[in-house]
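The block underneath contains the structure these notes are about, expressed in structure tokens.
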Amino acid sequence: MDFCMSSDSSISIRVSDELRVLDTKLREAGLARSRGPAARQSNRTPRFAPASPEELDRLRPESAEPAIASNGVQWLAASGWKRLGWLWHGFSTRRGGLSRAYRQDGAQGELNLGFTSEDDRDTVIANRRRLAEAITGCADTPLVTVRQIHSKLVVRAGRQAAAAKPARADGLMTDEPGILLAVMTADCIPVLVVDRKCKAVAAFHAGWRGTVQRIVESGIGRMQLEFGSRPEDLTAAIGPGIGTCCYSVGDEVLAEFESQFEYGRGLFVEVDETDPVRRRYPTMFLNQRAPGHGPKETRLHVNLVEANRRQLLAAGLQPRSIRIVPGCTGCRADLFFSHRASGGRAGRMMSVIGIGPER
Ligand SMILES: [Zn+2]
């Protein structure tokens with residue numbers, strides 16, 4: 001189901017056709033004056049950068065084409081990162097696995113990497129081995145995961161952690177070669193960080209709660225403490241997650257961001273979800289309800305990618321050292337698992353990073 005990309009844009013084309021017909025009829029009836037400045041005046045001042053659903057199309061990130069490994073796993077790389085010969089990294093998609101639990105009609109087996117209640121445990125283990133093989137060339141490469149709790153907790157991981165029970169945390173870091181650090185997402189934002197000089201790596205899971213708690217900013221602080229990392233030697237990649245286009249949130253999310261970040265308000269847009277005819281001809285509907293007494297017609301959408309980019313900048317990274325691997329999980333249900341787009345029944349993707357042998 002590709003609900004944002006294809007069906008929405010076809011609806012907006014249809015609506016604009018219908019609006020054109022309506023415009024013509026109103027002009028013929030001498031009513032076109034109702035579209036003057038007075039008619040367009042809103043009964044409330046917008047608090048944020050306003051956007052109509054059609055305008056949100058512009059905010060929709062175009063996903064890159066995934067690489068296809070020889071075992072069929074499809075994954076996304078950060079641009080330029082393949083130049084670091086010793087670095088293993090990748091953002092998985094839902095394609096190229098063995099899971100049947102979330103299969104869309106006609107789809108092949110899928111790459112669910114989380115031990116969810118819907119999927120079979122052995123299948124997930126096999127999928128994880130496939131991902132390790134695709135990224136490192138060896139299915140046996142140990143994978144270190146955490147039990148994610150939407151916190152700002154970051155753990156330093158080593159080889160023994162791969163065999164142990166996952167720690168409760170939302171970030172991992174290591175300077176030990178030969179292991180893959182992994183965070184799991186299905187809408188949240190994954191962030192990978194590399195220290196090119198010290199040869200250390202980190203992976204963070206940032207949903208809105210972790211973002212408000214500054215997991216990325218404080219996680220980089222931990223890298224400085226643990227490895228002596230200097231911000232100018234760090235490179236980061238922000239992976240695919242839910243985009244501004246699809247991420248509508250409640251006022252409590254705004255309140256949290258506003259209380260934590262001076263730039264917090266700028267991360268939000270206010271989306272006018274009024275139907276297009278009503279938006280274009282507000283005076284035709286004024287007799288139905290007094291201004292300000294209608295149903296709430298706008299929703300806030302938040303940009304979590306930008307929020308995490310701001311934290312990387314605050315931690316001292318240069319803008320040119322931050323890669324964004326584009327893709328909205330909500331828009332591209334064919335390519336990504338999305339908690340929101342699937343009504344809560346979703347598999348998990350993994351973002352992995354590690355230190356491999358020098359090539
Ligand atoms: Zn979207």
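Here, A, B, ... name the chains of the structure tokens in the order displayed, residue numbers run from 1 inside each chain, and ligands are numbered from 1 in the same displayed order.
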Write out as a list in words which residues come within 9 Å of Asp170 in chain A when counting only C-alpha atoms, dropping same-chain ones fewer than 2 positions away.
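That gives Val146, Arg147, Gln148, Ile149, His150, Ser151, Lys152, Leu153, Val154, Val155, Arg168, Leu172, Val183, Ala203, Phe204, His205, Ala206, Gly210 and Ile215 of chain A.
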Residues of range 161-265 of chain A that approach range 322-327 of chain A to 10 Å or less, counting only C-alpha atoms: could you list each one with the shortest pair of atoms and its distance in Å to one decimal, rows by chain and increasing residue number, as a Markdown table?
| residue | atom | partner | partner_atom | distance |
| --- | --- | --- | --- | --- |
| A:Val191 | CA | A:Ile324 | CA | 9.4 |
| A:Leu192 | CA | A:Arg323 | CA | 9.7 |
| A:Val193 | CA | A:Ile322 | CA | 9.2 |
| A:Leu234 | CA | A:Ile322 | CA | 8.9 |
| A:Thr235 | CA | A:Ile322 | CA | 6.0 |
| A:Ala236 | CA | A:Ile322 | CA | 4.9 |
| A:Ala237 | CA | A:Arg323 | CA | 4.5 |
| A:Ile238 | CA | A:Ile324 | CA | 4.9 |
| A:Gly239 | CA | A:Val325 | CA | 4.9 |
| A:Pro240 | CA | A:Gly327 | CA | 4.8 |
| A:Gly241 | CA | A:Gly327 | CA | 6.7 |
| A:Ile242 | CA | A:Gly327 | CA | 8.0 |
| A:Gly243 | CA | A:Gly327 | CA | 7.6 |
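Minimum atom-to-atom distance to Thr136 in chain A, evaluated using only C-alpha atoms, belongs to A:His89 out of A:His89, A:Arg196, A:Arg60, A:Arg156.
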Give the residue list for ligand 1 at 6 Å, counting only C-alpha atoms and all ligand atoms, as an NGL selection string, sorted by chain and then by residue number.
:A and (60 or 243 or 245-246 or 328 or 330-331)
How would the residues just picked look written out with C-alpha atoms as a PDB file, in the first residue's frame?
ATOM      1  CA  ARG A  60       8.142  14.161   0.969  1.00  0.00           C
ATOM      2  CA  GLY A 243       8.883  12.096   7.407  1.00  0.00           C
ATOM      3  CA  CYS A 245       4.749  14.469   5.424  1.00  0.00           C
ATOM      4  CA  CYS A 246       3.335  11.619   7.528  1.00  0.00           C
ATOM      5  CA  CYS A 328       9.778   8.241   4.531  1.00  0.00           C
ATOM      6  CA  GLY A 330       5.052   6.165   6.043  1.00  0.00           C
ATOM      7  CA  CYS A 331       5.084   6.973   2.324  1.00  0.00           C
TER       8      CYS A 331
END
Check the DSSP output for the backbone and give back, as an NGL selection string, the residues of range 49-169 of chain A in strand (DSSP E or B).
:A and (49-51 or 67-68 or 74-76 or 87-92 or 95-99 or 110 or 143-144 or 147 or 154-156 or 168)
Can you write just those residues out, C-alpha atoms, as a CSV table (one decimal), in the first residue's frame?
chain,number,residue,atom,x,y,z
A,49,ALA,CA,4.7,27.6,8.9
A,50,PRO,CA,1.4,26.5,7.4
A,51,ALA,CA,1.2,23.8,4.8
A,67,ALA,CA,21.6,-1.7,-3.1
A,68,ILE,CA,20.9,-5.4,-3.6
A,74,GLN,CA,18.1,-4.8,-0.1
A,75,TRP,CA,19.8,-2.0,2.0
A,76,LEU,CA,20.7,1.7,1.8
A,87,LEU,CA,33.7,0.7,7.9
A,88,TRP,CA,30.7,-1.7,7.9
A,89,HIS,CA,27.3,0.0,7.8
A,90,GLY,CA,23.8,-0.1,6.3
A,91,PHE,CA,20.2,0.7,6.7
A,92,SER,CA,18.0,-2.3,6.0
A,95,ARG,CA,13.1,-6.5,1.2
A,96,GLY,CA,15.1,-9.6,0.8
A,97,GLY,CA,14.3,-11.8,3.8
A,98,LEU,CA,12.3,-14.9,4.7
A,99,SER,CA,9.4,-13.5,6.8
A,110,GLU,CA,10.6,-10.0,3.9
A,143,LEU,CA,25.2,-8.5,16.1
A,144,VAL,CA,24.8,-6.4,19.3
A,147,ARG,CA,16.2,-3.5,24.4
A,154,VAL,CA,23.8,4.6,25.5
A,155,VAL,CA,26.0,1.5,26.3
A,156,ARG,CA,29.5,0.7,25.3
A,168,ARG,CA,18.1,-1.6,28.2
Tell me, as a compact mmCIF listing (two decimals) with N, CA and C atoms, in the first residue's frame, which residues lie within 12 Å of Ser248 in chain A, counting only C-alpha atoms; anything in the same chain fewer than 6 positions away does not count.
# COMPACT_ATOMS: atom_id res chain seq x y z
N PRO A 53 -2.15 19.88 2.64
CA PRO A 53 -1.68 18.52 2.32
C PRO A 53 -0.99 18.45 0.97
N LEU A 56 2.45 19.59 1.37
CA LEU A 56 3.28 18.61 2.08
C LEU A 56 4.03 17.70 1.10
N TRP A 208 10.47 10.34 18.93
CA TRP A 208 10.34 11.71 19.42
C TRP A 208 10.76 11.82 20.88
N ILE A 242 10.03 8.14 9.75
CA ILE A 242 8.80 8.80 9.32
C ILE A 242 9.07 10.28 9.01
N LEU A 254 4.64 19.02 20.88
CA LEU A 254 5.10 20.40 20.71
C LEU A 254 5.59 20.97 22.05
N PHE A 268 8.21 22.29 13.54
CA PHE A 268 6.81 21.93 13.28
C PHE A 268 6.23 22.71 12.10
N VAL A 269 5.35 22.06 11.38
CA VAL A 269 4.51 22.78 10.41
C VAL A 269 3.05 22.48 10.78
N GLU A 270 2.20 23.42 10.44
CA GLU A 270 0.78 23.25 10.74
C GLU A 270 0.08 22.91 9.43
N VAL A 271 -0.49 21.75 9.37
CA VAL A 271 -1.07 21.27 8.12
C VAL A 271 -2.57 21.51 8.13
N ASP A 272 -3.02 22.24 7.12
CA ASP A 272 -4.44 22.53 6.99
C ASP A 272 -5.11 21.34 6.32
N GLU A 273 -5.89 20.60 7.10
CA GLU A 273 -6.51 19.40 6.55
C GLU A 273 -7.95 19.63 6.13
N THR A 298 -6.70 21.77 11.57
CA THR A 298 -5.26 21.75 11.30
C THR A 298 -4.59 20.75 12.25
N ARG A 299 -3.46 20.22 11.76
CA ARG A 299 -2.70 19.30 12.60
C ARG A 299 -1.23 19.67 12.54
N LEU A 300 -0.53 19.42 13.62
CA LEU A 300 0.90 19.69 13.64
C LEU A 300 1.65 18.47 13.13
N HIS A 301 2.64 18.73 12.30
CA HIS A 301 3.55 17.67 11.85
C HIS A 301 4.95 18.07 12.29
N VAL A 302 5.74 17.09 12.71
CA VAL A 302 7.08 17.42 13.20
C VAL A 302 8.15 16.76 12.34
N ASN A 303 9.27 17.43 12.22
CA ASN A 303 10.38 16.97 11.39
C ASN A 303 11.48 16.39 12.29
N LEU A 304 11.44 15.09 12.50
CA LEU A 304 12.41 14.44 13.41
C LEU A 304 13.80 14.34 12.80
N GLY A 330 6.51 6.10 6.21
CA GLY A 330 5.05 6.16 6.04
C GLY A 330 4.63 6.18 4.58
N ARG A 340 3.18 3.26 11.91
CA ARG A 340 1.98 4.08 11.67
C ARG A 340 1.20 3.61 10.45
Nearest to Val194 in chain A, chosen from A:Ala161, A:Ala132, A:Ala307, A:Leu317, with only C-alpha atoms counted in the distances
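So, comparing all the options, the nearest one is A:Leu317.
For the choices A:Val73, A:Ala157, A:Ala169, A:Val249, the atom-to-atom distance to Ala126 in chain A is smallest for A:Val73 when using only C-alpha atoms.
Computed from the coordinates, the CA of Leu312 in chain A to CA of Thr141 in chain A distance equals 28.8 Å.
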Contacts of range 216-223 of chain A at 7 Å or less, counting only C-alpha atoms, minus same-chain residues fewer than 2 places along, as a ChimeraX atom specification?
/A:154,204,214,225-229,308,311-312,314-315
Residues as selected, N, CA and C atoms, written as a CSV table (one decimal), in the first residue's frame, can you do that?
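Written out: selection.csv:
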chain,number,residue,atom,x,y,z
A,154,VAL,N,22.9,5.1,26.6
A,154,VAL,CA,23.8,4.6,25.5
A,154,VAL,C,24.8,3.6,26.2
A,204,PHE,N,22.3,5.1,17.2
A,204,PHE,CA,21.3,5.6,18.1
A,204,PHE,C,19.9,5.4,17.5
A,214,ARG,N,17.5,14.2,23.9
A,214,ARG,CA,18.8,14.5,23.3
A,214,ARG,C,19.7,13.2,23.2
A,225,LEU,N,34.0,11.1,25.8
A,225,LEU,CA,34.5,10.5,27.1
A,225,LEU,C,35.2,9.2,26.9
A,226,GLU,N,34.5,8.3,26.2
A,226,GLU,CA,35.0,6.9,26.1
A,226,GLU,C,36.2,6.7,25.1
A,227,PHE,N,36.1,7.4,24.0
A,227,PHE,CA,37.2,7.2,23.0
A,227,PHE,C,38.0,8.4,22.7
A,228,GLY,N,37.8,9.5,23.4
A,228,GLY,CA,38.5,10.7,23.1
A,228,GLY,C,38.1,11.3,21.7
A,229,SER,N,36.9,11.0,21.2
A,229,SER,CA,36.5,11.5,19.9
A,229,SER,C,36.4,13.0,19.9
A,308,ASN,N,17.2,15.8,14.7
A,308,ASN,CA,18.4,15.1,15.0
A,308,ASN,C,19.6,15.7,14.3
A,311,GLN,N,20.8,18.3,16.5
A,311,GLN,CA,21.6,17.8,17.7
A,311,GLN,C,23.0,17.5,17.2
A,312,LEU,N,23.2,16.9,16.0
A,312,LEU,CA,24.5,16.6,15.5
A,312,LEU,C,25.3,17.9,15.4
A,314,ALA,N,24.7,20.7,17.2
A,314,ALA,CA,25.0,21.2,18.5
A,314,ALA,C,26.2,20.4,19.2
A,315,ALA,N,26.3,19.1,18.7
A,315,ALA,CA,27.5,18.3,19.3
A,315,ALA,C,28.8,18.7,18.6
Give the answer as one residue: which of A:Gln260, A:Arg94, A:Asp175, A:Phe48 has the shortest atom-to-atom distance to Gln213 in chain A, using only C-alpha atoms?
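Distance minimum relative to Gln213 in chain A lands on A:Gln260.
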One-decimal distance in Å that lies between CA of Ile125 in chain A and CA of Arg359 in chain A
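So the answer is 28.0 Å.
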Using Å and a single decimal, report how far CA of Trp81 in chain A sits from CA of Asp195 in chain A.
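Answer for the CA of Asp195 in chain A to CA of Trp81 in chain A separation: 11.9 Å.
The residues of range 210-249 of chain A that DSSP assigns to helix (DSSP H, G or I) on this backbone come out as Gly210, Thr211, Val212, Ile215, Val216, Glu217, Ser218, Gly219, Ile220, Gly221, Arg222, Met223, Gln224, Leu225, Glu226, Phe227, Pro231, Glu232 and Asp233 of chain A.
Nearest residue to Ser117 in chain A, choosing from A:Ala101, A:Ala163, A:Thr244, A:Asp140 and counting only C-alpha atoms: A:Ala101.
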For Thr185 in chain A: contacts at 9 Å, only C-alpha atoms, fewer than 6 positions along chain excluded, given as JSON, numbers by chain
{"A": [114, 205, 206, 207, 241, 337, 338, 339, 347, 348, 349, 350, 351]}
